[in-house]
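Data block below; observations after.
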Amino acid sequence: MRFLNRTAGRLSRHRRGPLAGLSVLLVGLLMTGGAYAFFSPATAQDAKTDAELIEQGRELFLVGCSSCHGVNGEGINAKREGYQYGPSLVGVGAAAVDFQVDTGRMPMAQPGQQAPRKESVYNDDEIAAMAAFVASLGPGPAVPSEADYSIDGMSEAEREAAIVRGGQIFLTNCTACHNFNGQGGAMPEGGYAPSLKGVEEKHIYQAMLTGPQSMDNFSDGNLSPEQKRDVIAYLKSIEEQPEYGGFTLGGLGPVSEGMFAWLLGIGGMVGFAVWIAAHSTRSKKDKVEA
């Protein structure tokens with residue numbers, strides 16, 4: 001018992017020493033740092049700084065994009081009847097890069113009137129790095145978050161209201177190119193408006209935000225994020241509608257279907273009947289000599 005009292009007294013005297021508080025603070029910091037490094041090693045070691053991400057994106061850009069868009073994204077003019085080999089990317093923002101590269105439209109095999117959708121040649125990390133590099137060239141739209149374009153969290157009543165609002169916006173601004181049901185259509189000078197059936201919500205939102213190729217861009221000042229989400233809700237509702245008629249003729253309704261039936265259906269049968277009559281066997285009689 002005396003030994004315990006004597007030991008406690010010594011600890012009490014040392015605890016009141018000038019270095020005791022500093023020692024306790026140092027031990028606490030070491031324990032906190034060790035616990036953080038143990039429980040979150042990936043965050044502490046693998047996270048890249050913005051400068052590292054931009055540098056990685058620049059290296060990818062130089063290999064896959066600079067031949068058309070220039071080393072610094074300034075664009076390349078071929079000086080051939082005013083034809084531009086690759087447009088400037090200064091100020092297009094990260095959202096445009098994410099859309100074009102993630103859908104495989106860029107890089108193009110060769111310059112053309114329109115870049116078709118195909119499999120992307122870059123993974124998500126590489127796309128993010130390239131988007132960060134292009135964003136560093138000048139201010140532009142950032143990559144939207146899932147909360148901006150997702151319609152999964154809507155209730156049934158909210159979804160129905162969004163479909164009505166989105167349908168009005170789409171019919172006013174988009175049907176001239178994309179058709180009434182988003183099937184797409186031909187455009188001047190060899191271009192075309194692609195079908196919107198099966199397109200991811202994120203890419204629809206980015207297309208409205210950035211205006212790829214011949215499409216007009218709808219910034220948040222023109223269409224708010226809520227209105228863009230309404231358009232997405234309308235387009236997804238069209239995908240869910242059954243096609244009872246089978247061949248929908250662009251989804252324009254009974255007028256186009258009736259015209260098709262009259263011109264090609266009945267017209268074809270009339271033409272076939274005329275052809276049969278013109279090629280049927282005719283009786284021939286020899287003239288009787290007097």
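Numbering starts fresh at 1 for the residues of each chain in the structure tokens, the chains themselves are lettered A, B, ... in the order given, and ligands are numbered from 1 as they appear.
Shell of Pro139 (chain A) at 8 Å, with only C-alpha atoms counted and residues fewer than 5 places along the chain excluded, is Val90, Gly91, Val92 and Gly93 of chain A.
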| field | alpha helix (DSSP H) call set, DSSP backbone run, region 135-285 of chain A, as an MDAnalysis selection string | value | chainID A and resid 135:137 146:149 156:173 175:178 201:210 225:240 254:260 267:278
| task | Could you check which of A:Met108, A:Ile76, A:Ala51, A:Leu235 is closest to Ile169 (chain A), using only C-alpha atoms? | result | A:Leu235
Near-region 146-152 of chain A list (7 Å; only C-alpha atoms; drop same-chain fewer than 5 positions) as a short mmCIF file (atom, residue, chain, number, x, y, z; two decimals) with N, CA, C and O atoms, in the first residue's frame:
```cif
data_model
loop_
_atom_site.label_atom_id
_atom_site.label_comp_id
_atom_site.auth_asym_id
_atom_site.auth_seq_id
_atom_site.Cartn_x
_atom_site.Cartn_y
_atom_site.Cartn_z
N GLU A 201 -29.37 10.04 -68.60
CA GLU A 201 -29.87 11.31 -68.07
C GLU A 201 -28.74 12.35 -68.00
O GLU A 201 -28.94 13.52 -68.33
N LYS A 202 -27.57 11.91 -67.57
CA LYS A 202 -26.44 12.83 -67.44
C LYS A 202 -26.08 13.45 -68.79
O LYS A 202 -25.83 14.66 -68.90
N TYR A 205 -28.64 16.06 -70.00
CA TYR A 205 -28.44 17.32 -69.26
C TYR A 205 -27.22 18.06 -69.81
O TYR A 205 -27.28 19.28 -70.05
N PRO A 225 -31.72 24.37 -63.91
CA PRO A 225 -31.50 22.93 -63.70
C PRO A 225 -32.82 22.17 -63.49
O PRO A 225 -32.95 21.02 -63.94
N ARG A 229 -34.22 19.12 -65.85
CA ARG A 229 -34.65 17.86 -65.27
C ARG A 229 -36.08 17.51 -65.70
O ARG A 229 -36.41 16.34 -65.89
N ALA A 233 -37.36 14.13 -67.58
CA ALA A 233 -38.51 13.34 -67.15
C ALA A 233 -39.46 13.08 -68.31
O ALA A 233 -40.00 11.98 -68.46
#
```
| note | Of A:Cys65, A:Val97, A:Met215, A:Ala207, the one nearest to Ala109 (chain A) when counting only C-alpha atoms is A:Cys65
| request: Please measure the separation of CA of Ile232 (chain A) and CA of Phe180 (chain A), giving the value in Å to one decimal. | output: 14.3 Å
| region 129-236 of chain A: residues DSSP assigns to strand (DSSP E or B), reported as a count of residues only | 4
